[in-house]
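> My questions will all concern the structure given below.
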Number of protein chains: 2
Amino acid sequence: MSVPANKAVVLLSGGLDSATTLAIARDQGYECFALSVDYGQRHRAELEAAARVAQALGAAAHRTLRIDLGDLGGSALTDESIAVPEAPQLGIPVTYVPARNTVMLSFALGWAEVIAAPTIFIGVNAVDYSGYPDCRPAFVEAFERVANLATKAAVEGTLKFRIATPLMDLTKAQIIQRGTALGVDYALTVSCYQADESGRACRKCDACRLRSEGFRAAGLPDPTRYFR
Amino acid sequence: MSVPANKAVVLLSGGLDSATTLAIARDQGYECFALSVDYGQRHRAELEAAARVAQALGAAAHRTLRIDLGDLGGSALTDESIAVPEAPQLGIPVTYVPARNTVMLSFALGWAEVIAAPTIFIGVNAVDYSGYPDCRPAFVEAFERVANLATKAAVEGTLKFRIATPLMDLTKAQIIQRGTALGVDYALTVSCYQADESGRACRKCDACRLRSEGFRAAGLPDPTRYFR
């Protein structure tokens with residue numbers, strides 16, 4: 001008799017990190033429920049990439065939630081009056097979206113409770129760590145505590161939630177090597193903050209530079225399509 | 001020279017509790033930024049009530065965010081295949097929305113960071129405590145910890161977030177007495193889980209019964225409009 005696979009909700013942006021996270025979750029034997037959040041970001045090509053990645057990596061289901069986070073302003077990714085920077089920034093980048101990972105983990109938690117999935121995967125990692133406060137281990141641990149206090153399932157003792165962050169201690173090059181070994185086709189993914197409609201990348205924003213340097217450091221060919 | 005008022009984000013559903021919370025926040029001297037979340041719930045009349053309440057109680061601004069939480073299923077309030085119960089329920093009610101307060105506090109946190117508001121008001125209270133896990137003090141404290149780890153403002157030391165729950169230890173009758181003393185017009189509010197389009201209440205759902213009993217226990221006339 002076969003044991004049913006453990007269910008996991010996997011946050012999937014359509015970028016390189018979350019695609020690798022999905023591949024790792026599947027490799028660990030999870031039945032993966034991929035969740036994308038359209039929070040009004042400019043790079044909508046990422047969301048189409050997410051659908052392709054979910055299918056290619058055998059997700060059991062893929063949902064996209066739309067929210068109007070852009071109404072609240074405060075980030076170059078959602079506020080068209082703030083330009084996306086094309087040179088390296090000091091400190092926390094202006095592409096930071098207020099409370100983004102808190103919002104995304106909240107949605108993931110809601111779905112995880114409905115489908116009785118004890119594990120939530122999120123592809124935060126050490127490279128983002130330096131810039132984004134909601135990519136740090138202390139934040140993830142604090143949210144895990146919230147999850148186990150917030151939900152009917154946890155309170156009734158039927159589920160104990162865990163937030164899995166398999167990329168946390170990996171460099172971009174290590175992430176790419178891991179994903180490549182697991183068969184991720186990075187040509188399907190879009191990381192660029194200002195990708196064009198067909199998902200081609202700008203080559204100059206922070207996300208493009210980190211990604212390009214990652215392939216170089218990994219010693220692997222960069223399959224990214226650029227528009228310039 | 002006058003000191004500028006402290007800003008606060010106040011979660012405002014349009015129901016009795018959140019209207020009272022807004023009145024208390026204003027009475028405490030806060031400049032109030034009211035936030036409503038349209039998570040696909042059936043009782044949309046509540047959202048129109050929220051706009052009326054925000055104006056009547058002098059909120060500096062009012063925003064409504066739309067999200068597709070209903071896509072994830074799991075609650076009588078968002079899933080039309082589950083009937084709203086009209087008799088008292090044991091345990092956690094089926095009108096529970098997965099991760100609702102976590103999602104709403106996440107949005108409030110995002111807006112609070114953008115407008116530099118250190119305080120977030122949410123009208124959770126002891127009556128809900130017994131049924132909804134995300135109305136308990138332990139949950140609120142855990143979320144406050146997340147807020148102070150998740151955000152650029154907290155990490156950079158420019159803001160320290162506090163989640164204010166002025167209704168936590170009040171009965172429904174005490175809430176109504178407090179709000180009445182502060183001038184809240186409860187005729188503007190809608191609590192019913194299945195209010196009609198003009199905001200008239202059903203008289204029979206959990207929310208209607210708690211509200212009606214609250215006015216009786218407070219010794220105050222119930223201004224609620226019922227459709228039956």
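Identifiers for the structure tokens are assigned positionally: chains receive A, B, ... in sequence, residues are indexed from 1 per chain, and ligands are indexed from 1 in the order shown.
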Near stretch 224-227 of chain A, counting only C-alpha atoms, which residues have an atom at most 10 Å away, once you skip same-chain residues fewer than 6 positions from it, shown as a VMD selection string?

chain A and resid 186 to 192 195 to 196 198 to 204 208 211 to 212 215

> What are the residues of chain A that have an atom within 7 Å of an atom of chain B, counting only C-alpha atoms, as number ranges by chain?

A: 65-68, 72-74, 98-99, 102-103, 106-107, 109-111, 113-114, 133-134, 139, 142-143, 145-146, 149-152, 155

> Nearest residue to B:Asp27 out of B:Val124, B:Val184, B:Leu220, B:Ala207, using only C-alpha atoms?

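Among B:Val124, B:Val184, B:Leu220, B:Ala207, it is B:Val184 that comes nearest to B:Asp27.
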
> Can you work out the spacing between atom CA of B:Leu170 and atom CA of A:Gly157 in Å, to one decimal?

27.8 Å

> Tell me, which residues of chain B carry DSSP alpha helix (DSSP H), written as a count of residues only?

85
